[in-house]
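Shown next: work.csv, given as CSV, C-alpha atoms.
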chain,number,residue,atom,x,y,z
S,1,MET,CA,200.1,59.5,-81.0
S,2,ALA,CA,200.1,63.1,-82.4
S,3,ASN,CA,200.6,63.4,-86.1
S,4,PRO,CA,204.1,64.8,-86.9
S,5,SER,CA,202.6,67.2,-89.4
S,6,GLY,CA,200.5,68.8,-86.7
S,7,THR,CA,197.2,67.9,-88.3
S,8,PRO,CA,194.9,66.3,-85.7
S,9,GLN,CA,194.2,62.6,-86.4
S,10,ARG,CA,191.0,62.3,-84.5
S,11,LYS,CA,187.7,64.1,-84.7
S,12,HIS,CA,185.4,65.1,-81.8
S,13,LYS,CA,182.3,62.9,-81.3
S,14,VAL,CA,179.3,64.9,-80.0
S,15,THR,CA,176.5,63.6,-77.8
S,16,VAL,CA,173.4,65.5,-76.7
S,17,VAL,CA,172.1,64.2,-73.4
S,18,GLY,CA,168.4,64.9,-73.5
S,19,SER,CA,165.7,65.0,-76.2
S,20,GLY,CA,162.9,67.3,-75.1
S,21,ASN,CA,162.0,70.2,-77.3
S,22,TRP,CA,165.1,72.2,-76.4
S,23,GLY,CA,167.4,69.1,-76.4
S,24,THR,CA,166.1,68.0,-79.9
S,25,THR,CA,166.5,71.6,-81.2
S,26,VAL,CA,170.1,71.7,-80.1
S,27,ALA,CA,170.7,68.3,-81.6
S,28,LYS,CA,169.3,69.6,-84.9
S,29,LEU,CA,171.6,72.7,-85.1
S,30,VAL,CA,174.6,70.9,-83.8
S,31,ALA,CA,174.2,68.0,-86.4
S,32,GLU,CA,174.0,70.6,-89.1
S,33,ASN,CA,177.3,71.9,-88.0
S,34,THR,CA,179.1,68.6,-87.5
S,35,LYS,CA,178.3,67.9,-91.2
S,36,ALA,CA,179.5,71.3,-92.2
S,37,HIS,CA,182.8,70.9,-90.4
S,38,PRO,CA,184.0,67.3,-91.1
S,39,ASP,CA,187.6,68.3,-90.3
S,40,VAL,CA,186.7,68.9,-86.7
S,41,PHE,CA,183.7,66.7,-85.8
S,42,GLU,CA,182.4,63.3,-86.5
S,43,GLU,CA,179.2,63.7,-88.6
S,44,ASP,CA,176.8,61.6,-86.6
S,45,VAL,CA,175.4,63.2,-83.4
S,46,GLN,CA,174.2,60.8,-80.7
S,47,MET,CA,171.0,62.0,-78.9
S,48,TRP,CA,170.1,60.2,-75.8
S,49,VAL,CA,166.3,59.6,-75.7
S,50,TYR,CA,164.4,58.4,-72.6
S,51,GLU,CA,162.6,55.6,-74.3
S,52,GLU,CA,158.8,55.9,-74.6
S,53,ASN,CA,156.0,54.2,-76.5
S,54,VAL,CA,154.2,56.5,-78.9
S,55,VAL,CA,151.0,55.9,-80.9
S,56,LEU,CA,151.0,57.7,-84.3
S,57,PRO,CA,147.5,59.1,-85.1
S,58,ALA,CA,145.9,58.2,-88.4
S,59,ASP,CA,146.4,61.8,-89.7
S,60,SER,CA,150.2,61.7,-89.1
S,61,PRO,CA,152.3,61.8,-92.3
S,62,HIS,CA,154.2,58.9,-90.7
S,63,TYR,CA,151.1,56.7,-90.1
S,64,ASP,CA,151.5,53.1,-91.3
S,65,ALA,CA,148.3,51.2,-91.7
S,66,ALA,CA,150.1,48.0,-91.2
S,67,VAL,CA,151.1,49.2,-87.7
S,68,GLY,CA,147.9,51.0,-87.0
S,69,ASP,CA,147.4,52.1,-83.4
S,70,LYS,CA,150.1,49.8,-82.0
S,71,PRO,CA,152.6,51.7,-79.8
S,72,GLN,CA,156.0,52.3,-81.3
S,73,LYS,CA,159.4,53.1,-79.8
S,74,LEU,CA,160.1,56.9,-79.9
S,75,THR,CA,163.7,56.2,-80.8
S,76,SER,CA,162.6,54.0,-83.7
S,77,ILE,CA,160.3,56.8,-85.0
S,78,ILE,CA,163.0,59.4,-84.7
S,79,ASN,CA,165.6,57.3,-86.6
S,80,THR,CA,163.1,56.2,-89.2
S,81,TYR,CA,161.2,59.5,-89.9
S,82,HIS,CA,163.8,62.0,-88.6
S,83,GLU,CA,161.3,63.7,-86.4
S,84,ASN,CA,160.7,63.8,-82.7
S,85,VAL,CA,156.9,63.5,-83.0
S,86,LYS,CA,156.3,63.9,-79.2
S,87,TYR,CA,158.6,66.8,-78.2
S,88,LEU,CA,159.4,68.6,-81.4
S,89,PRO,CA,156.6,67.7,-83.9
S,90,LYS,CA,156.7,68.9,-87.6
S,91,ILE,CA,160.4,69.7,-87.5
S,92,ALA,CA,162.6,67.7,-89.8
S,93,LEU,CA,165.8,66.6,-88.2
S,94,PRO,CA,169.1,66.0,-90.0
S,95,PRO,CA,169.5,62.2,-90.8
S,96,ASN,CA,172.8,62.4,-88.8
S,97,VAL,CA,170.9,62.8,-85.5
S,98,VAL,CA,170.9,59.3,-84.1
S,99,ALA,CA,168.4,58.6,-81.3
S,100,ASN,CA,169.8,56.2,-78.7
S,101,PRO,CA,167.8,54.8,-75.8
S,102,SER,CA,171.0,53.7,-74.0
S,103,LEU,CA,172.5,56.6,-72.0
S,104,VAL,CA,175.8,54.8,-71.4
S,105,ASP,CA,176.1,53.8,-75.1
S,106,ALA,CA,175.2,57.3,-76.3
S,107,VAL,CA,178.0,59.0,-74.3
S,108,LYS,CA,180.6,56.3,-75.1
S,109,ASP,CA,183.7,57.8,-76.7
S,110,ALA,CA,182.2,61.3,-77.0
S,111,SER,CA,184.6,64.1,-76.4
S,112,VAL,CA,181.9,66.7,-76.4
S,113,LEU,CA,178.8,66.2,-74.1
S,114,ILE,CA,175.9,68.6,-74.4
S,115,PHE,CA,173.6,68.4,-71.4
S,116,ASN,CA,170.0,69.4,-72.1
S,117,LEU,CA,167.4,68.0,-69.7
S,118,PRO,CA,165.4,69.2,-66.7
S,119,HIS,CA,167.8,70.1,-64.0
S,120,GLU,CA,166.1,67.9,-61.4
S,121,PHE,CA,167.3,64.8,-63.4
S,122,ILE,CA,170.9,65.9,-63.9
S,123,GLY,CA,172.1,64.2,-60.7
S,124,ASN,CA,170.8,60.8,-61.6
S,125,VAL,CA,172.1,61.1,-65.2
S,126,CYS,CA,175.6,62.0,-64.0
S,127,ARG,CA,175.6,59.1,-61.6
S,128,GLN,CA,174.7,56.7,-64.4
S,129,ILE,CA,177.5,57.9,-66.8
S,130,LYS,CA,180.3,58.5,-64.3
S,131,GLY,CA,183.0,56.1,-65.2
S,132,HIS,CA,181.6,55.5,-68.7
S,133,ILE,CA,182.8,58.7,-70.4
S,134,LEU,CA,186.2,59.7,-71.8
S,135,PRO,CA,188.3,61.2,-69.0
S,136,TYR,CA,189.2,64.1,-71.2
S,137,ALA,CA,185.6,64.8,-72.3
S,138,ARG,CA,184.3,68.4,-72.1
S,139,GLY,CA,180.8,69.5,-71.5
S,140,ILE,CA,178.3,72.3,-72.3
S,141,SER,CA,175.3,72.6,-70.1
S,142,CYS,CA,172.1,74.1,-71.8
S,143,ILE,CA,170.3,73.7,-68.5
S,144,LYS,CA,169.0,76.8,-66.7
S,145,GLY,CA,169.1,76.3,-63.0
S,146,VAL,CA,171.3,75.9,-60.0
S,147,THR,CA,171.9,73.1,-57.5
S,148,VAL,CA,171.3,74.3,-54.0
S,149,THR,CA,171.7,73.2,-50.4
S,150,ASP,CA,171.3,75.4,-47.3
S,151,ASP,CA,175.1,76.1,-47.2
S,152,LYS,CA,176.0,76.0,-50.9
S,153,ILE,CA,174.8,77.2,-54.3
S,154,GLU,CA,176.3,75.9,-57.4
S,155,LEU,CA,175.9,76.4,-61.1
S,156,ILE,CA,174.7,73.4,-63.0
S,157,CYS,CA,177.8,73.4,-65.2
S,158,ASP,CA,180.0,73.3,-62.1
S,159,TYR,CA,178.0,70.5,-60.6
S,160,ILE,CA,178.3,68.5,-63.8
S,161,GLY,CA,182.1,69.1,-63.9
S,162,GLU,CA,182.7,68.2,-60.3
S,163,THR,CA,180.5,65.1,-60.5
S,164,LEU,CA,182.1,63.7,-63.7
S,165,ASP,CA,185.7,65.1,-63.2
S,166,ILE,CA,185.5,67.1,-66.4
S,167,TYR,CA,185.3,70.7,-67.4
S,168,CYS,CA,181.8,72.0,-68.3
S,169,GLY,CA,180.8,75.3,-69.8
S,170,ALA,CA,177.3,76.7,-70.2
S,171,LEU,CA,175.0,77.9,-73.0
S,172,SER,CA,172.3,80.5,-72.0
S,173,GLY,CA,170.4,83.2,-73.9
S,174,ALA,CA,167.1,84.6,-75.1
S,175,ASN,CA,166.2,81.3,-76.7
S,176,ILE,CA,162.8,79.7,-77.4
S,177,ALA,CA,163.2,76.1,-78.7
S,178,ASN,CA,160.3,76.1,-81.2
S,179,GLU,CA,161.4,79.4,-82.8
S,180,ILE,CA,165.0,78.2,-83.2
S,181,ALA,CA,163.8,74.8,-84.5
S,182,ASN,CA,161.8,76.8,-87.2
S,183,GLU,CA,165.1,78.7,-87.9
S,184,LEU,CA,163.8,82.1,-86.7
S,185,TRP,CA,166.9,84.1,-85.9
S,186,CYS,CA,168.0,84.7,-82.3
S,187,GLU,CA,171.3,84.9,-80.4
S,188,THR,CA,172.8,83.1,-77.4
S,189,THR,CA,175.9,83.2,-75.2
S,190,ILE,CA,178.3,80.3,-74.5
S,191,ALA,CA,180.5,80.7,-71.4
S,192,TYR,CA,183.5,78.5,-71.7
S,193,ASN,CA,186.8,79.2,-69.9
S,194,THR,CA,189.2,76.9,-71.8
S,195,PRO,CA,191.2,74.9,-69.2
S,196,PRO,CA,194.9,75.7,-69.2
S,197,CYS,CA,195.7,72.1,-69.9
S,198,ASP,CA,193.7,72.4,-73.2
S,199,GLN,CA,195.2,75.7,-74.3
S,200,ARG,CA,197.7,75.4,-77.1
S,201,ASP,CA,200.3,77.8,-78.4
S,202,ALA,CA,201.3,78.2,-82.0
S,203,ASN,CA,203.4,75.0,-81.8
S,204,GLY,CA,200.6,73.0,-80.4
S,205,THR,CA,202.1,72.8,-76.9
S,206,THR,CA,199.7,72.9,-74.0
S,207,ASN,CA,200.1,74.8,-70.7
S,208,GLY,CA,199.2,72.2,-68.1
S,209,ASP,CA,200.9,73.8,-65.1
S,210,GLN,CA,198.5,76.6,-64.6
S,211,ALA,CA,195.6,76.0,-62.2
S,212,HIS,CA,192.0,76.0,-63.6
S,213,LEU,CA,189.5,78.2,-61.8
S,214,ASP,CA,185.8,77.4,-61.2
S,215,SER,CA,183.0,79.9,-61.7
S,216,ARG,CA,183.7,81.3,-58.2
S,217,GLY,CA,187.3,82.1,-59.1
S,218,GLN,CA,188.6,79.4,-56.8
S,219,ILE,CA,191.0,76.7,-57.8
S,220,ALA,CA,188.8,73.9,-59.2
S,221,GLN,CA,188.5,70.7,-57.2
S,222,VAL,CA,188.7,68.6,-60.3
S,223,GLN,CA,192.0,67.4,-61.6
S,224,LEU,CA,191.4,67.6,-65.3
S,225,THR,CA,192.8,65.1,-67.9
S,226,PRO,CA,194.2,67.1,-70.8
S,227,LEU,CA,192.6,66.8,-74.2
S,228,PRO,CA,195.0,64.6,-76.3
S,229,LEU,CA,196.9,66.4,-79.0
S,230,GLU,CA,195.6,64.1,-81.7
S,231,PHE,CA,192.2,65.9,-81.3
S,232,PRO,CA,191.6,69.4,-82.7
S,233,PRO,CA,191.6,72.1,-80.0
S,234,LEU,CA,188.4,72.6,-78.1
S,235,ASP,CA,188.1,76.3,-77.3
S,236,HIS,CA,186.0,79.3,-78.3
S,237,GLU,CA,186.7,78.9,-82.1
S,238,GLU,CA,185.7,75.2,-82.2
S,239,LEU,CA,182.6,75.7,-80.0
S,240,HIS,CA,181.5,78.5,-82.2
S,241,LYS,CA,181.8,76.2,-85.2
S,242,LEU,CA,179.7,73.6,-83.3
S,243,PHE,CA,176.8,75.9,-82.2
S,244,ASP,CA,176.7,78.9,-84.5
S,245,ARG,CA,174.1,78.8,-87.3
S,246,PRO,CA,172.8,81.6,-89.7
S,247,TYR,CA,169.6,81.6,-87.5
S,248,PHE,CA,171.5,81.1,-84.2
S,249,THR,CA,174.2,83.6,-83.5
S,250,VAL,CA,176.7,82.6,-80.8
S,251,SER,CA,178.8,84.9,-78.6
S,252,MET,CA,181.6,83.4,-76.6
S,253,VAL,CA,182.5,84.6,-73.1
S,254,SER,CA,184.6,83.1,-70.3
S,255,ASP,CA,182.2,83.6,-67.3
S,256,VAL,CA,178.8,82.4,-66.4
S,257,VAL,CA,175.5,84.1,-65.4
S,258,GLY,CA,173.2,82.0,-63.2
S,259,ALA,CA,169.7,81.1,-64.3
S,260,LEU,CA,167.7,83.2,-61.8
S,261,LYS,CA,165.6,84.8,-64.5
S,262,ASN,CA,163.2,81.8,-64.4
S,263,ILE,CA,162.2,83.0,-60.9
S,264,VAL,CA,161.6,86.5,-62.3
S,265,ALA,CA,159.6,85.1,-65.2
S,266,ILE,CA,157.2,83.4,-62.8
S,267,ALA,CA,156.6,86.6,-61.0
S,268,CYS,CA,155.9,88.4,-64.3
S,269,GLY,CA,153.5,85.7,-65.4
S,270,PHE,CA,151.5,86.0,-62.1
S,271,ILE,CA,151.5,89.8,-62.6
S,272,GLU,CA,150.1,89.7,-66.1
S,273,GLY,CA,147.7,86.9,-65.2
S,274,HIS,CA,146.4,89.0,-62.4
S,275,GLY,CA,145.5,91.7,-64.9
S,276,TRP,CA,148.2,94.2,-64.3
S,277,ASN,CA,149.8,96.1,-67.2
S,278,MET,CA,153.1,96.1,-68.9
S,279,THR,CA,154.3,98.9,-66.6
S,280,ALA,CA,154.0,96.7,-63.6
S,281,LYS,CA,155.7,93.8,-65.3
S,282,THR,CA,158.6,96.0,-66.4
S,283,ALA,CA,159.1,97.1,-62.8
S,284,VAL,CA,159.3,93.5,-61.7
S,285,MET,CA,161.8,92.7,-64.5
S,286,ARG,CA,163.9,95.6,-63.4
S,287,ARG,CA,163.8,94.5,-59.8
S,288,GLY,CA,164.5,91.0,-60.8
S,289,MET,CA,167.6,91.9,-62.7
S,290,LEU,CA,168.9,94.0,-59.8
S,291,GLU,CA,168.6,91.0,-57.5
S,292,THR,CA,170.2,88.8,-60.1
S,293,ILE,CA,173.2,91.1,-60.4
S,294,GLU,CA,173.5,91.4,-56.7
S,295,PHE,CA,173.3,87.6,-56.3
S,296,ALA,CA,176.1,87.2,-58.9
S,297,ARG,CA,178.2,89.8,-57.1
S,298,GLN,CA,177.7,88.2,-53.7
S,299,PHE,CA,178.2,84.5,-54.6
S,300,PHE,CA,180.3,84.6,-57.7
S,301,PRO,CA,182.4,87.8,-57.2
S,302,GLU,CA,185.6,86.7,-58.9
S,303,THR,CA,184.2,85.5,-62.2
S,304,ILE,CA,181.0,87.4,-63.2
S,305,SER,CA,181.8,90.3,-65.5
S,306,GLU,CA,179.4,93.2,-65.7
S,307,ARG,CA,179.6,92.9,-69.5
S,308,THR,CA,178.0,89.5,-69.4
S,309,PHE,CA,174.7,91.0,-68.3
S,310,TRP,CA,174.6,92.8,-71.6
S,311,GLU,CA,175.1,89.6,-73.6
S,312,SER,CA,172.2,87.4,-74.7
S,313,ALA,CA,172.5,85.5,-71.4
S,314,GLY,CA,171.8,88.6,-69.5
S,315,TRP,CA,169.2,91.3,-70.2
S,316,SER,CA,168.1,89.7,-73.5
S,317,ASP,CA,167.3,86.4,-71.8
S,318,MET,CA,165.5,88.2,-68.9
S,319,ILE,CA,163.2,90.0,-71.4
S,320,VAL,CA,162.4,86.9,-73.4
S,321,SER,CA,161.9,84.8,-70.3
S,322,CYS,CA,159.5,87.3,-68.8
S,323,THR,CA,157.4,87.9,-72.0
S,324,SER,CA,157.2,84.6,-73.9
S,325,ALA,CA,159.0,81.6,-72.4
S,326,ARG,CA,157.3,78.8,-70.6
S,327,ASN,CA,157.8,79.9,-66.9
S,328,TRP,CA,156.0,83.2,-67.7
S,329,ARG,CA,153.4,81.5,-69.9
S,330,TYR,CA,152.2,78.9,-67.4
S,331,SER,CA,152.4,81.1,-64.3
S,332,LYS,CA,150.2,83.6,-66.2
S,333,MET,CA,147.8,80.7,-67.1
S,334,ALA,CA,147.7,79.7,-63.4
S,335,ALA,CA,146.7,83.2,-62.3
S,336,GLU,CA,144.1,83.5,-65.0
S,337,ARG,CA,142.5,80.1,-64.1
S,338,GLY,CA,142.8,80.6,-60.4
S,339,VAL,CA,144.7,77.4,-59.9
S,340,SER,CA,148.2,76.6,-58.6
S,341,ILE,CA,151.1,76.6,-61.0
S,342,MET,CA,151.8,73.0,-60.1
S,343,GLU,CA,148.3,72.1,-61.4
S,344,VAL,CA,149.0,73.8,-64.7
S,345,GLU,CA,152.4,72.1,-64.9
S,346,ARG,CA,150.6,68.7,-64.4
S,347,THR,CA,147.9,69.3,-67.0
S,348,GLU,CA,149.7,71.3,-69.7
S,349,LEU,CA,153.4,70.2,-69.9
S,350,ASN,CA,153.2,66.6,-71.1
S,351,GLY,CA,155.3,65.3,-68.3
S,352,GLN,CA,157.9,68.1,-68.4
S,353,LYS,CA,158.7,70.4,-65.5
S,354,LEU,CA,158.9,74.2,-65.0
S,355,GLN,CA,162.4,74.8,-63.8
S,356,GLY,CA,161.4,78.1,-62.2
S,357,ILE,CA,159.4,76.3,-59.5
S,358,SER,CA,162.2,74.2,-58.2
S,359,THR,CA,164.8,77.0,-58.7
S,360,SER,CA,162.6,79.4,-56.6
S,361,LYS,CA,162.3,76.9,-53.8
S,362,GLU,CA,166.0,76.0,-53.8
S,363,VAL,CA,167.2,79.6,-53.9
S,364,SER,CA,164.8,80.8,-51.2
S,365,SER,CA,165.9,77.9,-48.9
S,366,PHE,CA,169.5,78.9,-49.5
S,367,LEU,CA,168.9,82.6,-48.8
S,368,ARG,CA,166.9,81.8,-45.7
S,369,ALA,CA,169.8,79.6,-44.4
S,370,GLN,CA,172.2,82.5,-45.1
S,371,GLY,CA,169.9,85.0,-43.3
S,372,LEU,CA,169.7,87.1,-46.5
S,373,GLU,CA,165.9,87.0,-47.1
S,374,LYS,CA,165.6,90.8,-46.8
S,375,ASN,CA,168.2,91.4,-49.4
S,376,TYR,CA,166.2,89.5,-52.1
S,377,PRO,CA,162.5,90.3,-51.5
S,378,LEU,CA,161.4,89.5,-55.0
S,379,PHE,CA,163.1,86.0,-55.1
S,380,MET,CA,161.5,85.2,-51.7
S,381,SER,CA,158.1,86.4,-52.7
S,382,VAL,CA,158.0,84.1,-55.8
S,383,GLU,CA,158.3,81.1,-53.5
S,384,GLY,CA,155.2,82.4,-51.7
S,385,MET,CA,153.3,82.9,-54.9
S,386,VAL,CA,154.1,79.4,-56.0
S,387,ASP,CA,152.9,78.0,-52.6
S,388,GLY,CA,149.9,80.3,-52.5
S,389,LYS,CA,151.1,82.1,-49.4
S,390,PHE,CA,151.9,85.5,-51.0
S,391,LYS,CA,149.2,87.4,-52.8
S,392,VAL,CA,150.2,88.9,-56.2
S,393,GLU,CA,148.6,92.2,-55.4
S,394,ASP,CA,151.0,92.6,-52.5
S,395,ILE,CA,154.0,92.7,-54.7
S,396,SER,CA,153.9,96.5,-54.9
S,397,ARG,CA,155.0,96.5,-51.2
S,398,LEU,CA,158.4,95.3,-52.4
S,399,PHE,CA,159.0,98.6,-54.0
S,400,THR,CA,158.3,100.9,-51.0
S,401,GLY,CA,161.9,100.8,-49.8
S,402,GLY,CA,161.3,98.6,-46.7
S,403,GLY,CA,164.4,96.5,-46.1
S,404,SER,CA,166.1,96.0,-49.4
S,405,LYS,CA,169.7,97.1,-49.9
S,406,LEU,CA,169.5,97.2,-53.7
Give the structure from the file, written as structure tokens.
Amino acid sequence: MANPSGTPQRKHKVTVVGSGNWGTTVAKLVAENTKAHPDVFEEDVQMWVYEENVVLPADSPHYDAAVGDKPQKLTSIINTYHENVKYLPKIALPPNVVANPSLVDAVKDASVLIFNLPHEFIGNVCRQIKGHILPYARGISCIKGVTVTDDKIELICDYIGETLDIYCGALSGANIANEIANELWCETTIAYNTPPCDQRDANGTTNGDQAHLDSRGQIAQVQLTPLPLEFPPLDHEELHKLFDRPYFTVSMVSDVVGALKNIVAIACGFIEGHGWNMTAKTAVMRRGMLETIEFARQFFPETISERTFWESAGWSDMIVSCTSARNWRYSKMAAERGVSIMEVERTELNGQKLQGISTSKEVSSFLRAQGLEKNYPLFMSVEGMVDGKFKVEDISRLFTGGGSKL
């Protein structure tokens, strides 16, 4: 029941689904903000951790001689020492980050779900929690990627929303987890189009009759359950409170840019690893952004604003992705070593995945099925580079005007 005074009676519980370096970093900054805004959020932030056994080395500050080299549960280490020693070592976590090995228990009663894990795992995770979350929960996806079949391409946030029957926005920007964890300033963009059933006027009344649109500008297939009035609103102002930090500036928008820049980052890594200079890499970045904009116009024409490409999720993210992020770094390493990028992924990433590899293959398959390969020559060439079927030195042929409409 709503409070007659208009003051919300309940607070938002926040759960972070994922605990890699980026997931743990987001849990850190979100937990700092839930403590800073006790009128809106419950202080404790649940963080789902895929349970692993970890052996602490003798030089670890958390080493216990009584335990020695016996394996310990990662969740126990995080909750005891407030550090994710495997995926975000040497970063102190707020004590209100609570590591939970049970996915279903972690999401229980959470009104805000933050998804932050490799996109190839999101389908299985959604299947496990479907039916176990609040029907009026809202999501934010921090996952760069798309789900693709030969006849459909879908943003991860839309996939999450349709699978779980909730609304899900997206966070994307020029963000490197370790830098943010060390509180080195950067900015990001959150795309969140507050559902009409959650919008409140000055009297606290919602507008539940207006249809909610998905990222394509079409009426969403999901019939949303309104956020109860006993909760604080969940719109741009509240999400800004949840994510914005002095070292992490958040801009709020209402539309979403896809995560195609990981494909471009792989191309730039191969270019640099091949020994070519910054001029060549800049040309590839420019070409990649042109194809990204064209892709957004062609497949998300109703909802992608030109302004968004000038937010952190646009050009800023493209520049960082192509000069310092992991898809660039490890494709460059593969070219320098003369091995496949999959081999570098296997030996260097501690079990994690390069999202640019799967995104490249999925997007290329989709474009091929649509008969649009010639319109996106850079995207198609990256698939060939990954598979070893396209020589990096042939990339200059993409700039000779043969076939592209861009």
What are the nearest atom pairs, with distances in Å to one decimal, for all residues of range 229-341 of chain S that come at most 10 Å from range 361-375 of chain S, using all atoms listed in the file, set out by chain and rising residue number as CSV?
residue,atom,partner,partner_atom,distance
S:Leu260,CA,S:Val363,CA,8.7
S:Ile263,CA,S:Val363,CA,9.2
S:Glu291,CA,S:Asn375,CA,8.1
S:Glu294,CA,S:Asn375,CA,9.0
S:Phe295,CA,S:Asn375,CA,9.4
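Take the candidates S:Thr188, S:Asn350, S:Gln355, S:Gln9 and check each one against Lys144 in chain S using only C-alpha atoms; the shortest distance goes to S:Gln355.
Across the model, the gap from CA of Thr249 in chain S to CA of Ser19 in chain S is 21.7 Å.
Take CA of Ile114 in chain S and CA of Ile357 in chain S: the distance between them is 23.5 Å.
Between CA of Ala181 in chain S and CA of Lys28 in chain S lies a distance of 7.6 Å.
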Could you check which residues have any atom within 12 Å of (146.7, 80.7, -62.7), counting all atoms listed in the file with coordinates taken straight from the file, and then list them as a PyMOL selection string?
chain S and resi 266-267+269-275+327-345+385-386+388+392
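Residues surrounding Ile395 in chain S within 9 Å are Ile271, Val284, Leu378, Ser381, Phe390, Lys391, Val392, Glu393, Arg397, Leu398 and Phe399 of chain S [all atoms listed in the file; sequence separation below 2 positions excluded].
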Residues from last step as file, C-alpha atoms, as a short mmCIF file (atom, residue, chain, number, x, y, z; two decimals), in the coordinates of the input:
data_model
loop_
_atom_site.label_atom_id
_atom_site.label_comp_id
_atom_site.auth_asym_id
_atom_site.auth_seq_id
_atom_site.Cartn_x
_atom_site.Cartn_y
_atom_site.Cartn_z
CA ILE S 271 151.50 89.80 -62.60
CA VAL S 284 159.30 93.50 -61.70
CA LEU S 378 161.40 89.50 -55.00
CA SER S 381 158.10 86.40 -52.70
CA PHE S 390 151.90 85.50 -51.00
CA LYS S 391 149.20 87.40 -52.80
CA VAL S 392 150.20 88.90 -56.20
CA GLU S 393 148.60 92.20 -55.40
CA ARG S 397 155.00 96.50 -51.20
CA LEU S 398 158.40 95.30 -52.40
CA PHE S 399 159.00 98.60 -54.00
#
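Among the candidates S:Ile153, S:Leu117, S:Ile143, S:Leu171, the residue lying nearest to Asn262 in chain S is S:Ile143 (atoms considered: all atoms listed in the file).
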Which residues are close to Asp39 in chain S, i.e. within 12 Å by only C-alpha atoms, leaving aside same-chain residues fewer than 6 positions away? Reply as a ChimeraX atom specification.
/S:7-13,33,231-233,238,241-242
Output file for the residues above (C-alpha atoms, as a compact mmCIF listing (two decimals), in the frame of the given file):
# COMPACT_ATOMS: atom_id res chain seq x y z
CA THR S 7 197.20 67.90 -88.30
CA PRO S 8 194.90 66.30 -85.70
CA GLN S 9 194.20 62.60 -86.40
CA ARG S 10 191.00 62.30 -84.50
CA LYS S 11 187.70 64.10 -84.70
CA HIS S 12 185.40 65.10 -81.80
CA LYS S 13 182.30 62.90 -81.30
CA ASN S 33 177.30 71.90 -88.00
CA PHE S 231 192.20 65.90 -81.30
CA PRO S 232 191.60 69.40 -82.70
CA PRO S 233 191.60 72.10 -80.00
CA GLU S 238 185.70 75.20 -82.20
CA LYS S 241 181.80 76.20 -85.20
CA LEU S 242 179.70 73.60 -83.30
Please identify all polymer residues within 9 Å of Pro95 in chain S, counting all atoms listed in the file, omitting same-chain residues fewer than 2 positions from it, and present them as a PyMOL selection string.
chain S and resi 31+44+79-82+92-93+97-98
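Nearest to Asp317 in chain S of all the residues S:Asn182, S:Ser172, S:Ser358, S:Thr25 is S:Ser172, counting all atoms listed in the file.
With distances taken over all atoms listed in the file, S:Val17 is the one residue among S:Ile176, S:Val17, S:Leu113, S:Gly123 lying closest to Asn100 in chain S.
When all atoms listed in the file are used to measure the gap to Pro118 in chain S, the shortest distance among S:Gly356, S:Cys186, S:Ala191, S:Pro89 belongs to S:Gly356.
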